[in-house]
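Enquirer: Sharing a structure below in structure tokens format, with a few things to ask.
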Amino acid sequence: MLPYFKKVERDLDFDGPFHGKDGRIPVRRIPQQHWTRHARAVAEACRLAGYPFLPDQNGEFVEGYFPVTHSNHAEQRVSAAMGYLDSETRRRPNLTISTDTQVKELLFEGTRCVGVKAQVGGQEGRVPRPRDRPLVRRYPFPGAPATRRHRPGRAPEGDGYTDRDGP
């Protein structure tokens, strides 16, 4: 998975073999001076228990405590949509962005997803997948795994996706 994470991220704090520099999603760590009182108390408890401070949770794989990594730039969260759906991408003729939409069921012919049943603006309907392009599943959090795991019409087991797929 590391090559994919590196491709997605643009790490603003660290370089090295565990960090991407050219991705569309900026990542950085919350500086200690901005930690909440709770975070500072947990860090102090970890320090007193003998755990070392690790400036980078995505660096060496050792036990310790560290600042949380998040996708934030100029004090604003950068979602996958903000990072990847720039104005040029939004103008693509083969892209439809549907807001106020909740997928209810994935529709299959055998193991091939051919569309979705979705509620769009309060109206339920079927959205077919055009034959000349793939259907991209993107889960908005929270509750994202519900689309795959708990609803009828879900993908067959072994379809190559997990509930954690996606940035």
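We name chains A, B, ... following the order of the structure tokens; residues begin at 1 in each chain, and ligands are numbered from 1 as shown.
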Using only C-alpha atoms, determine which residues lie at most 9 Å from Phe53 in chain A, disregarding the query and same-chain residues fewer than 2 positions distant; provide the list as an MDAnalysis selection string.
Expert: chainID A and resid 43 46:47 51 55:56 64:67
Enquirer: Print the selection's residues with C-alpha atoms to a file, as a CSV table (one decimal), in the first residue's frame.
Expert:
chain,number,residue,atom,x,y,z
A,43,ALA,CA,1.4,12.5,25.7
A,46,CYS,CA,3.0,8.1,27.5
A,47,ARG,CA,6.2,9.9,28.4
A,51,TYR,CA,7.4,5.7,25.6
A,55,PRO,CA,7.9,13.3,15.5
A,56,ASP,CA,6.6,11.2,12.6
A,64,GLY,CA,5.8,5.7,21.0
A,65,TYR,CA,3.5,8.7,20.9
A,66,PHE,CA,3.3,11.2,18.1
A,67,PRO,CA,1.4,14.1,16.7
Enquirer: Find the spatial neighbours of range 70-78 of chain A, counting only C-alpha atoms, within a cut-off of 8 Å - ignore same-chain residues fewer than 5 positions away - and output them as a PDB file with N, CA and C atoms, in the first residue's frame.
Expert:
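The result, written out as out14.pdb:
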ATOM      1  N   ILE A  25      -2.886  15.575  -2.088  1.00  0.00           N
ATOM      2  CA  ILE A  25      -3.419  15.748  -0.737  1.00  0.00           C
ATOM      3  C   ILE A  25      -2.277  16.153   0.201  1.00  0.00           C
ATOM      4  N   PRO A  26      -2.290  17.404   0.684  1.00  0.00           N
ATOM      5  CA  PRO A  26      -1.237  17.816   1.610  1.00  0.00           C
ATOM      6  C   PRO A  26      -1.463  17.179   2.981  1.00  0.00           C
ATOM      7  N   VAL A  27      -0.388  16.708   3.594  1.00  0.00           N
ATOM      8  CA  VAL A  27      -0.476  16.172   4.950  1.00  0.00           C
ATOM      9  C   VAL A  27       0.571  16.857   5.815  1.00  0.00           C
ATOM     10  N   ARG A  28       0.189  17.053   7.069  1.00  0.00           N
ATOM     11  CA  ARG A  28       1.105  17.641   8.032  1.00  0.00           C
ATOM     12  C   ARG A  28       0.718  17.173   9.419  1.00  0.00           C
ATOM     13  N   ARG A  29       1.566  17.466  10.391  1.00  0.00           N
ATOM     14  CA  ARG A  29       1.311  17.071  11.766  1.00  0.00           C
ATOM     15  C   ARG A  29       0.853  18.279  12.575  1.00  0.00           C
ATOM     16  N   ILE A  30       0.015  18.019  13.548  1.00  0.00           N
ATOM     17  CA  ILE A  30      -0.435  19.097  14.429  1.00  0.00           C
ATOM     18  C   ILE A  30       0.720  19.429  15.370  1.00  0.00           C
ATOM     19  N   GLY A  83      -8.845  17.871  -3.310  1.00  0.00           N
ATOM     20  CA  GLY A  83      -7.539  17.580  -3.887  1.00  0.00           C
ATOM     21  C   GLY A  83      -7.595  17.123  -5.334  1.00  0.00           C
TER      22      GLY A  83
END
